[in-house]
Structure formats: C-alpha cells, structure tokens
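Structure, as structure tokens:
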Amino acid sequence: MATLNSNIPSGPLAEKWEHHKFYTKLINPANKRKYKIIVVGAGLAGASASATLAELGYEVHNFVFHDSPRRAHSVAAQGGINAAKNYQNDGDSVHRLFYDTIKGGDFRAREANVHRLAEVSVNIIDQCAAQGVPFAREYGGLLDNRSFGGAQVSRTFYARGQTGQQLLLGAYSALNRNIANGGVKSYTHAEMLDLVVVDGHAKGIIVRNLQTGEITRHNGDAVVLATGGYGNVYNLSTYARGANVTASWRAYKRGACFGNPCYTQIHPTCIPVSGDYQSKLTLMSESLRNDGRVWVPKRKEDCKKAPQDIAEGDRDYYLERMYSAFGNLAPRDIASRAAKTVCDEGRGVGETGLGVYLDFSAAIQRLGEGKVRERYGNLFAMYQEITNENAYQTPMRIYPAVHYTMGGLWVDYNLMSNVPGLFVLGEANFSDHGANRLGASALMQGLSDGYFVLPATISGYLAGQNPGKRPTTDNGSFKEAEENVQTMTKRLLGNKGKRTPDSFHKELGKLMWEHCGMARNEASLQKGIKAIGALREAYWKEVNVLGESNDWNQSLERAGRIADFIELGELMCRDALMREESCGGHFREEYQYTPDDPETKQGLVNPGDVKRRDDQFAFVAGWEYAGAPDKAPILNKEPLVYEEVKMSTRSYK
Amino acid sequence: MKVTLKVWRQKNRNTPGSFKTYESPELNENMSFLEMLDVVNEALANRGEEPIAFDHDCREGICGTCSLVIDGKPHGPHKGIATCQTYMRSFKDGDEIVVEPFRAKAFPLIKDLVCDRKAFDRIQHAGGFITVRTGAAPDANSIPVPKENADLAMDAAQCIGCGACVAACKNASAMLFVSAKISHLGLMPQGQPERYKRAKAMVDQMDAEGFGACTVTGSCEAVCPKEISLDFIARMNRDYGVALLKGDPKAIKGGGAG
C-alpha cells in the first residue's frame with residue numbers, strides 16, 4: 001500500500017503558505033546550480049516552472065513532444081484567468097475566490113491547496129502583465145475584467161478570446177530567455193516514455209526522439225511532470241489531438257498513485273457532434289454565457305422548427321428557470337447536466353437532437369451588434385467556419401463535450417507525488433479543483449504551480465539529495481526502463497494485426513462516453529469495465545502499426561498513447577464505480593436529490609441535482625498500480641479534512 | 001463527395017520526394033480538411049500503405065502546428081483561417097487537390113508534409129522576451145497601457161507561429177512573423193527598455209537562419225490565418241533602423257555595484 005500523506009502545514013488556513021515557505025529548507029545560491037531538474041511539458045505549468053527554476057539557478061532540462069514549446073494545448077484556452085484583485089470593487093477577496101473554488105469543486109478539493117491558489121492568483125496577473133501579456137484594457141489603460149460561471153463577481157482577466165495563447169506566449173518568452181542564457185536546455189519532438197525510479201526516488205526519464213526514433217536516457221535530481229490532462233480517453237474532446245496521458249500513465253505504472261481519475265469536466269458550450277469522421281470537438285468559450293441565453297423549445301414538436309419561428313412564450317430558458325441566482329452562469333457541471341436532461345426529454349435541437357440554443361438576440365438588442373462583435377467576434381467567426389451558420393442572425397447550437405480532467409496524479413501540498421522526487425503540476429495533478437473546475441481556474445492553477453508553488457517547495461526535497469551522488473544513466477534502473485520502452489515499441493511494430501490504432505481509439509471513446517460520461521450508474525460501469533478490459537486484450541492481438549521505429553512515425557506515437565488510454569479508461573470506470581455518491585462532474589444516477597428531500601423542499605437544490613455523501617466519500621481516491629494491467633488496482637484514501645469551511649449543500653439557486 | 005489528392009510524399013530529408021495520387025473514400029462536406037486526411041490515412045493503413053505524415057494538433061486554429069500548401073496556397077483557399085479550420089464544403093465533388101508541405105530553406109523537411117520550423121524558436125531565443133524575473137513584477141495596474149496600444153499589441157500578438165508567411169513568400173522571408181513578435185513587445189510600455197536591442201537581435205537571427213529579404217508583395221499578409229498586418233513590418237524596420245543608429249550600448253567597465 002502506498003502512503004498518501006498530504007503534508008498540509010499546521011496553523012490557520014490563511015497563514016499556512018507563508019509559514020510553509022519560511023520553514024521549507026532552502027538551497028544556497030552557489031549550490032543550486034549543482035542540481036539538475038527534468039521538466040516534462042511546456043504548457044503554462046511546465047514553461048513557467050522551467051523558467052522560474054532556471055532563474056533560481058537550477059540546471060533545468062525541458063522536454064516536449066511538440067516541435068516547439070509554444071504549441072502546448074494551454075494555447076487553446078479562450079476565456080480567461082481568475083485573480084482576486086478586486087479591481088472592480090465588487091466585493092472580491094482572496095477568501096471569496098477560495099470559497100468559490102472550494103464550493104465550485106463540490107467540496108472535494110483540498111482546502112489548503114485552494115487557499116494557496118487564491119493567494120497566489122494576484123501575483124500571477126502582476127507577473128504576466130510585466131511580461132507584456134496584452135490583457136484587455138479599459139479606456140483609462142487599466143485592466144478590464146469579466147465574469148465567469150460559478151462566480152458573482154467580475155474577477156476574470158482576459159485577452160480577447162485567446163487568453164491561454166497570450167499567457168502561454170508569456171511563459172514561453174520567459175522560457176526562451178532562459179534557454180538563451182543557458183539556464184534551460186530545451187528538447188523538442190522529445191516524448192517521455194518511461195519514468196526511472198532508483199531506490200524509490202524518481203531520478204530520470206526515458207525519451208524517444210520523434211524525428212529519429214532514437215531512445216535516450218536522462219537523469220536528474222528530481223522529475224517534474226506538467227503533461228496536461230487525459231480527456232482524449234474519450235477520443236472526441238476539446239483537447240488537441242496530440243494531448244495524451246502517456247507520461248502520467250507510465251509514472252503510475254512506476255508507483256505514482258492516480259488521484260480521482262473519474263472526475264471529468266464536460267463543458268456545456270461546445271459545437272455539437274456532426275458525424276462519425278469527427279476528430280475533435282470545438283469549445284465555444286464559457287464567456288459567451290455572459291451575454292447568451294440558453295434555451296430549448298418547451299414542446300418536443302417545436303424542435304425541428306427554425307428558432308425564429310418559435311414564439312418567446314414557447315421557449316424554455318431552463319437555466320434561468322432552474323437556477324435563478326446564477327442563471328446562464330451556473331457552473332459547468334450543472335449547465336452540462338441540464339442540457340443533457342432537456343435533450344433526453346426529447347427537446348434537443350439540431351439534426352441529431354443533441355443540442356441546445358445559445359441565443360444572442362437579447363444582447364444584440366441591448367448592446368448593438370458592434371459591441372457583441374467586439375466581445376466575441378473571433379468566437380462567432382469560428383462558429384461560422386465550422387457550422388456555416390451566422391450566430392448574429394440565428395442562435396448558436398451547443399452541446400456538452402469533454403473538456404478537462406480534474407483527476408490526475410496524486411500530489412501532496414508540495415506538489416510531490418507519493419514517489420519521492422516526482423512532482424506533478426497543472427492539469428496533470430489532481431489537487432485544486434475537486435470534482436468540478438470553475439471557468440478561468442485552469443490557467444490560474446497552471447501558472448500558480450509553475451511560477452510560485454513548485455519553485456518554493458522543491459528545495460525542501462532537493463535539500464535532502466546529494467547531487468554529487470545522482471544516479472548516472474548506466475544505473476540498472478535506467479537500463480531496465482529503456483529496455484521496457486524498446487520492448488513495447490517492438491511489440492507494437494511486430495504485431496501484425498488487422499486494425500488501425502485509431503479504430504481502437506474510436507471504440508474506446510464510445511465506450512467511455514456511454515459508460516463513464518455525463519451520467520453513470522453501477523450496472524453500466526460494470527459493463528464498461530468488462531468491455532474495456534476486452535478491448536485491451538483485443539488491442540494487443542489485432543492492432544497493426546505501420547512504419548519503422550527509427551523514423552518519424554505518427555502511427556507508432558499514437559499506438560503507444562492509445563494503449564495507455566485503454567488502460568486508463570478501465571481505471572476511470574473503476575473509480576466511478578467505487579465512488580457511490582454524486583459530486584461535481586461525477587454524477588451517479590443512484591445519488592441525486594428527489595422532490596422529497598428536505599434540501600429540495602427548502603429550495604436549495606432542484607430534483608436531479610448531485611447528492612454527495614460526505615459521511616462516506618469525503619476522501620481523495622489514490623489508485624495504485626498492482627503490477628499488471630489485468631490486476632485490480634489498489635485503492636488508497638486521503639481523507640479530506642475541512643478546518644475552515646463547512647461541507648455544505650452546493651446551491652446555485 | 002469524393003476528391004482526388006495529389007500529395008507530396010518524401011521519406012525523409014535525404015531521399016527525393018514526389019507527388020502521389022490518391023482517390024479519397026466517400027467524404028462529407030462538413031469534414032474538416034484534416035479529417036479528410038484522417039479518412040484517407042485510415043484507408044491507406046487498412047490496405048497496408050504507410051499513412052501520409054502531416055502536422056496537426058489543436059485543430060481549432062490556435063496552436064500553429066498545422067501547415068500544408070493546398071492548391072498552391074498556404075492554409076488553403078480561405079482568408080484568415082488555418083488549414084485545420086478549412087472544411088470540405090470549400091471543395092467540389094470530383095476536385096483534384098494538390099497538397100504540399102511548406103517549402104523554405106529555413107524549414108527543412110522532416111517527412112511527407114511535415115517540416116521543421118525550429119528556426120522560429122531560435123529567433124525568439126535571440127530576444128523575443130521582456131526580461132523580468134518571476135516575483136519581481138509590480139502591481140499589474142501600476143502601469144496603465146492605453147487601450148489602443150494594448151489592442152494593437154494584441155493584433156500582433158495573435159500570431160500563431162505557423163510559418164505560412166514564409167511559405168507564401170517568393171523569397172521565403174520571415175519578416176511578417178518577426179515583425180509581429182517585435183511589435184507586440186515594442187508596443188507595450190513594459191517592453192520599452194529592451195525595444196531596440198530586441199529588434200536588432202531578432203532581425204540578425206532571422207537573417208542567420210537563412211530567411212530571405214522582404215520586397216513587400218504582401219503575399220504573407222494574404223495567407224496569414226490571423227491576418228497580421230504588413231504595417232508591423234514597417235514598424236519593425238523603423239525599430240531596426242533606430243537600433244542601428246543607436247549602436248550597441250556602451251560596455252560598462254568593472255564589476256558593477258557590489
């Protein structure tokens with residue numbers, strides 16, 4: 001059994017981080033350069049961590065599978081980044097951001113981590129502005145804000161609809177500066193395929209050069225994974241096609257626990273699926289819900305009518321009806337499930353019936369088309385490219401799609417996994433969003449982890465390590481790990497089956513969406529586990545990977561990643577089955593509020609809202625690999641202790 | 001619908017390449033161009049032929065990974081969008097479509113339709129940043145930025161680094177890309193201290209990478225998926241000129257304070 005010690009510092013919540021920084025061991029400037037740190041990934045978390053660690057004086061080696069660090073999928077985040085600046089004087093504070101995030105996560109996040117995130121949020125905005133990030137401004141030259149789902153204050157900073165891109169370019173520029181001055185060595189087209197653990201500590205990685213196929217060993221005093229989320233397990237998602245779980249999964253197989261894998265965010269505002277050939281789903285920023293109104297026809301028979309022909313009185317603005325306080329700005333999990341509910345009732349719109357309207361006509365009447373264009377022009381243009389429809393004239397059609405994974409490798413307060421020396425940042429870890437992430441919080445967490453948290457906590461581990469005795473790459477563990485990678489490559493290329501890797505990915509995606517999607521239940525999850533287990537076995541019998549190992553080979557890259565996704569899918573179903581409660585994005589049909597519950601009668605929740613079971617499930621699930629893919633993984637629990645906030649019914653009414 | 005593809009196939013940099021013709025399976029006009037290539041690749045793989053290598057990632061026009069010259073035009077027939085946002089409804093049943101990689105000396109070919117654009121990274125290593133240490137930043141509202149400057153900087157900062165400007169240019173010039181980067185930072189007050197030094201360093205690196213000169217034909221602007229304006233090139237040239245007039249900063253003798 002693994003030990004999951006959260007290492008949360010003692011003391012009052014608001015003082016924990018300050019105290020912890022003071023009591024964490026430091027490394028003197030002359031010694032820092034002797035330590036070598038491996039960072040995998042260069043999205044917001046990886047690039048900011050690499051740059052900051054190099055500024056501190058550590059020797060940093062950064063690895064990305066992309067051709068350039070600037071292409072990490074953080075680049076695609078549209079809406080914005082939260083910070084408790086209270087520039088709007090609307091009552092925001094560190095405590096309010098903390099509370100909103102804890103509540104948004106349905107009381108399944110770690111209090112101390114979330115408070116730290118809220119504290120650090122203000123420094124992030126300062127840092128990014130100083131790097132020249134062109135945030136949206138008011139006419140007086142000061143920073144503009146907007147509101148986002150799950151909050152009643154305007155605390156979201158943004159750069160048109162391209163906030164992720166601009167923040168990433170900021171972190172990338174900091175990375176570039178440190179590459180230029182020798183602080184960071186950058187490896188591109190370099191995919192991590194195994195973690196090397198020596199005497200129980202993470203001391204290196206095995207990497208494949210995607211251009212030449214060459215496999216190399218890299219040692220370090222610590223390994224940092226900032227390799228993103230795993231939503232592509234569903235095949236169709238808003239993730240980039242290349243996004244994958246491989247680095248995290250290979251670390252899991254080396255002993256790192258996987259935290260809350262079933263916590264998946266299904267984003268309410270995406271363009272609906274149009275056909276079987278589809279490779280990805282496109283998100284329409286949640287910021288659209290500031291001015292767009294979500295509705296479906298009240299009557300089934302109106303669904304095939306043109307939206308303009310449906311009278312105002314025949315429309316059901318269901319979010320405004322069900323959640324009057326938050327209305328169209330209800331959190332993502334609630335808005336997604338509500339869309340599913342109305343579509344399941346047969347009131348969905350569009351060809352497939354799996355869609356709801358997001359209507360801007362009221363906003364255009366109120367503000368004028370020019371103002372709406374200024375706020376969302378690029379999103380409307382993107383919508384038109386994909387659907388061939390003009391959303392200024394007709395409502396957008398949207399439907400929920402997989403967008404983010406709150407689960408990830410388990411980490412303690414220092415962002416270190418249960419494998420000493422292995423740190424995990426950003427979406428790749430499980431820590432800050434509980435069972436549901438609020439909008440504009442992912443960018444905040446990625447940069448918080450990379451710029452401010454890891455650089456302060458890693459010295460606590462490194463101080464106990466002797467860089468002079470760092471295991472060399474001749475060490476037996478490196479040899480074993482490299483052989484492990486070579487064996488898998490040979491097995492994939494030598495397996496002369498009949499099916500392409502992508503055909504398995506599609507099949508996996510359908511199984512996951514059906515059994516472990518927006519609504520889950522025991523029988524269906526049991527079926528899912530069986531079907532995915534069978535798919536895993538079929539994969540290794542029937543997959544056919546063309547091409548060679550010593551060459552640019554996209555089929556081979558994908559084949560390895562899909563093998564990992566299949567195993568992960570099974571684990572997600574097991575986690576969802578174990579968690580006999582509903583919370584945030586995890587909805588078990590067996591656990592929902594009914595009209596007879598007191599909370600429903602008091603008007604706190606609607607029938608059908610998620611029902612937590614705090615007495616039994618207020619814990620983080622840390623799954624431990626049992627040594628073989630067909631062996632049931634071991635469940636470890638980290639109890640969630642709330643010192644400051646009372647776990648209560650999450651109400652957005 | 002169905003189309004005929006004439007695709008550039010090349011095993012690697014050292015092996016000569018050639019066009020190969022493929023008939024697509026039945027397509028749907030709502031497919032993206034890259035989804036069409038996925039479908040063609042699945043068909044190739046199912047008959048044991050190696051799929052066509054092409055670069056792609058986000059498939060929503062923001063990461064800059066996808067490339068392709070489609071019927072002679074980088075990023076295909078439409079203005080202001082990347083290949084990944086091009087849909088098959090832009091083509092007709094029975095069309096023959098020619099697909100090539102971005103071709104430029106500074107973008108060496110890796111395989112088939114994939115080329116190496118690391119030269120862009122190296123240009124940014126030379127100076128594409130504002131020197132600020134983590135933790136050393138003043139309050140974000142302590143430096144107001146006039147809205148029009150912030151908006152113009154954002155226009156430049158939208159560049160996705162795809163390299164279509166280079167692929168479109170008869171001289172394979174990278175001036176539009178480099179000018180977008182220089183203008184973004186040069187327009188922000190935070191970027192002023194290093195403004196001219198930055199312009200000179202980045203332009204020098206651009207030349208060292210083997211990109212060609214600019215003759216202001218505007219083909220770059222015409223294909224840019226983010227419609228970055230040629231005006232930024234004028235801005236860059238001015239900053240570069242000022243940098244030359246200013247010369248290098250005086251070397252400081254001694255070890256500085258402390």
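Lettering and numbering for the structure tokens are positional, with chains as A, B, ... in the shown order, residues counted from 1 in each chain, and ligands counted from 1 in the shown order.
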Interface, chain B side, toward chain A (7 Å; only C-alpha atoms) as a ChimeraX atom specification: /B:35,45-46,50,53,57-60,62-65,85,111,118,121,124-126,128-130,132-135,137-141,144-147,150,153-154,185,188,190-191
Residues from the last selection, C-alpha atoms, saved as a compact mmCIF listing (two decimals), in the first residue's frame:
# COMPACT_ATOMS: atom_id res chain seq x y z
CA GLU B 35 -10.46 14.98 -41.02
CA ALA B 45 -3.41 1.94 -43.40
CA ASN B 46 -6.16 -0.61 -43.92
CA GLU B 50 2.00 3.94 -44.69
CA ALA B 53 2.56 12.27 -42.39
CA ASP B 57 -2.61 19.32 -33.00
CA CYS B 58 -5.29 21.64 -31.62
CA ARG B 59 -7.47 21.59 -34.74
CA GLU B 60 -9.05 24.87 -33.78
CA ILE B 62 -4.62 28.44 -32.45
CA CYS B 63 -1.59 26.19 -31.90
CA GLY B 64 0.00 26.85 -35.29
CA THR B 65 1.05 23.22 -35.78
CA GLN B 85 -10.40 25.24 -39.98
CA LYS B 111 8.72 13.70 -43.80
CA LYS B 118 12.56 25.42 -35.11
CA ASP B 121 12.07 29.34 -31.86
CA GLN B 124 12.74 34.20 -30.25
CA HIS B 125 15.59 32.90 -28.13
CA ALA B 126 17.57 35.83 -29.53
CA GLY B 128 11.60 37.61 -28.02
CA PHE B 129 11.00 38.40 -24.37
CA ILE B 130 10.86 41.07 -21.70
CA VAL B 132 11.51 40.10 -15.79
CA ARG B 133 12.22 37.59 -13.08
CA THR B 134 9.35 35.70 -11.50
CA GLY B 135 8.37 37.55 -8.37
CA ALA B 137 6.71 42.31 -11.03
CA PRO B 138 4.95 45.46 -9.79
CA ASP B 139 1.17 45.54 -9.36
CA ALA B 140 -0.43 44.93 -12.74
CA ASN B 141 -2.38 48.19 -12.65
CA PRO B 144 -1.56 51.83 -17.40
CA VAL B 145 -1.49 50.90 -21.07
CA PRO B 146 -3.60 53.00 -23.45
CA LYS B 147 -6.36 50.77 -24.81
CA ALA B 150 -2.93 47.22 -25.93
CA ALA B 153 -0.17 44.86 -29.44
CA MET B 154 -2.82 42.15 -29.27
CA LEU B 185 6.51 43.64 -27.17
CA MET B 188 3.81 47.63 -24.55
CA GLN B 190 6.93 47.02 -20.30
CA GLY B 191 8.83 46.26 -23.49
So that I can check the surroundings of Met1 (chain A), please list as a ChimeraX atom specification every protein, DNA and RNA residue that reaches within 9 Å of it, counting only C-alpha atoms and ignoring chain neighbours fewer than 3 positions away. /A:624,634-636
Please save N, CA and C atoms of the selected residues as a short mmCIF file (atom, residue, chain, number, x, y, z; two decimals), in the first residue's frame.
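Once everything was written out, this is result.cif:
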data_model
loop_
_atom_site.label_atom_id
_atom_site.label_comp_id
_atom_site.auth_asym_id
_atom_site.auth_seq_id
_atom_site.Cartn_x
_atom_site.Cartn_y
_atom_site.Cartn_z
N GLU A 624 -3.44 2.75 -6.94
CA GLU A 624 -2.06 2.28 -7.04
C GLU A 624 -2.01 1.09 -8.00
N ILE A 634 -5.06 -1.00 -6.51
CA ILE A 634 -5.28 -0.90 -5.06
C ILE A 634 -5.77 0.51 -4.74
N LEU A 635 -6.83 0.59 -3.93
CA LEU A 635 -7.37 1.89 -3.55
C LEU A 635 -6.75 2.39 -2.25
N ASN A 636 -6.14 3.58 -2.31
CA ASN A 636 -5.66 4.27 -1.11
C ASN A 636 -6.53 5.50 -0.90
#
I want to know what sits within 7 Å of region 339-349 of chain A, based on only C-alpha atoms, with residues of the same chain fewer than 5 positions away left out; could you give that as a compact mmCIF listing (two decimals) with N, CA and C atoms, in the first residue's frame?
# COMPACT_ATOMS: atom_id res chain seq x y z
N VAL A 296 -34.26 25.83 -24.95
CA VAL A 296 -34.79 24.83 -25.88
C VAL A 296 -36.30 25.07 -25.97
N PRO A 297 -36.96 24.51 -26.98
CA PRO A 297 -38.42 24.67 -27.06
C PRO A 297 -39.09 23.99 -25.86
N ARG A 299 -41.95 22.60 -26.11
CA ARG A 299 -42.63 21.41 -26.64
C ARG A 299 -41.74 20.68 -27.64
N LYS A 300 -41.77 19.33 -27.52
CA LYS A 300 -40.99 18.49 -28.45
C LYS A 300 -41.28 18.82 -29.91
N CYS A 303 -39.21 21.30 -31.94
CA CYS A 303 -37.75 21.17 -32.05
C CYS A 303 -37.23 21.31 -33.47
N LYS A 304 -37.99 20.87 -34.44
CA LYS A 304 -37.49 20.93 -35.82
C LYS A 304 -37.83 22.25 -36.51
N LEU A 354 -29.21 16.44 -30.29
CA LEU A 354 -28.30 16.62 -29.16
C LEU A 354 -27.71 18.03 -29.24
N GLY A 355 -28.53 19.01 -28.91
CA GLY A 355 -28.07 20.39 -28.96
C GLY A 355 -29.07 21.29 -28.28
N VAL A 356 -28.58 22.43 -27.77
CA VAL A 356 -29.48 23.45 -27.20
C VAL A 356 -29.06 24.79 -27.82
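Nearest residue to Met488 (chain A), choosing from A:Asp194, A:Glu15, A:Asp449, A:Glu369 and counting only C-alpha atoms: A:Asp194.
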Would you please extract all strand (DSSP E or B) residues from region 366-459 of chain A, as assigned by DSSP on the backbone, and give them as a PyMOL selection string? chain A and resi 396-405+408-409+416+422-424+429
Limited to C-alpha atoms, could you put the picked residues into a file as a PDB file, in the first residue's frame?
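In the end it all went to part-v5.pdb:
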ATOM      1  CA  MET A 396     -25.725  29.030 -31.832  1.00  0.00           C
ATOM      2  CA  ARG A 397     -26.322  25.343 -31.220  1.00  0.00           C
ATOM      3  CA  ILE A 398     -24.225  23.920 -28.430  1.00  0.00           C
ATOM      4  CA  TYR A 399     -23.849  20.644 -26.557  1.00  0.00           C
ATOM      5  CA  PRO A 400     -21.571  19.462 -23.744  1.00  0.00           C
ATOM      6  CA  ALA A 401     -18.214  17.889 -24.570  1.00  0.00           C
ATOM      7  CA  VAL A 402     -15.255  16.538 -22.614  1.00  0.00           C
ATOM      8  CA  HIS A 403     -13.026  19.464 -21.816  1.00  0.00           C
ATOM      9  CA  TYR A 404     -10.848  18.982 -18.747  1.00  0.00           C
ATOM     10  CA  THR A 405      -9.901  16.360 -16.211  1.00  0.00           C
ATOM     11  CA  GLY A 408      -4.572  13.320 -12.203  1.00  0.00           C
ATOM     12  CA  LEU A 409      -1.514  12.038 -10.415  1.00  0.00           C
ATOM     13  CA  MET A 416       5.181  15.911  -4.874  1.00  0.00           C
ATOM     14  CA  LEU A 422       8.426  13.117  -8.728  1.00  0.00           C
ATOM     15  CA  PHE A 423       6.492  16.403  -8.852  1.00  0.00           C
ATOM     16  CA  VAL A 424       3.324  16.935 -10.842  1.00  0.00           C
ATOM     17  CA  ASN A 429      -2.116  16.627 -10.970  1.00  0.00           C
TER      18      ASN A 429
END
In region 10-154 of chain B, DSSP helix (DSSP H, G or I) residues written as a ChimeraX atom specification: /B:33-46,83-85,88-90,118-125,140-142,147-154
Just to be explicit: take each residue in the selection above, keep C-alpha atoms, and write the result as a short mmCIF file (atom, residue, chain, number, x, y, z; two decimals), in the first residue's frame.
data_model
loop_
_atom_site.label_atom_id
_atom_site.label_comp_id
_atom_site.auth_asym_id
_atom_site.auth_seq_id
_atom_site.Cartn_x
_atom_site.Cartn_y
_atom_site.Cartn_z
CA PHE B 33 -9.63 19.19 -44.38
CA LEU B 34 -7.59 17.36 -41.76
CA GLU B 35 -10.46 14.98 -41.02
CA MET B 36 -10.50 14.24 -44.74
CA LEU B 37 -6.79 13.37 -44.48
CA ASP B 38 -7.58 11.17 -41.43
CA VAL B 39 -10.12 9.27 -43.50
CA VAL B 40 -7.70 8.88 -46.41
CA ASN B 41 -4.99 7.71 -43.98
CA GLU B 42 -7.26 5.11 -42.38
CA ALA B 43 -7.98 3.76 -45.85
CA LEU B 44 -4.26 3.69 -46.67
CA ALA B 45 -3.41 1.94 -43.40
CA ASN B 46 -6.16 -0.61 -43.92
CA THR B 83 -5.76 24.51 -42.63
CA CYS B 84 -7.44 22.84 -39.65
CA GLN B 85 -10.40 25.24 -39.98
CA MET B 88 -14.58 20.20 -47.36
CA ARG B 89 -17.58 22.31 -48.29
CA SER B 90 -14.97 24.64 -49.80
CA LYS B 118 12.56 25.42 -35.11
CA ALA B 119 14.16 28.45 -36.76
CA PHE B 120 11.21 30.43 -35.40
CA ASP B 121 12.07 29.34 -31.86
CA ARG B 122 15.69 30.33 -32.30
CA ILE B 123 14.68 33.81 -33.46
CA GLN B 124 12.74 34.20 -30.25
CA HIS B 125 15.59 32.90 -28.13
CA ALA B 140 -0.43 44.93 -12.74
CA ASN B 141 -2.38 48.19 -12.65
CA SER B 142 0.64 50.31 -11.73
CA LYS B 147 -6.36 50.77 -24.81
CA GLU B 148 -5.40 51.42 -28.43
CA ASN B 149 -1.80 50.34 -27.74
CA ALA B 150 -2.93 47.22 -25.93
CA ASP B 151 -5.32 46.42 -28.79
CA LEU B 152 -2.66 46.95 -31.44
CA ALA B 153 -0.17 44.86 -29.44
CA MET B 154 -2.82 42.15 -29.27
#
Which is closest to Gly80 (chain B) among B:Asn237, B:Asn14, B:Ser183, B:Gln158, if we use only C-alpha atoms? B:Gln158
Applying 7 Å and only C-alpha atoms, which residues near Lys185 (chain A) remain after dropping the ones on its own chain fewer than 5 positions away? List them as a VMD selection string. chain A and resid 60 to 62 179
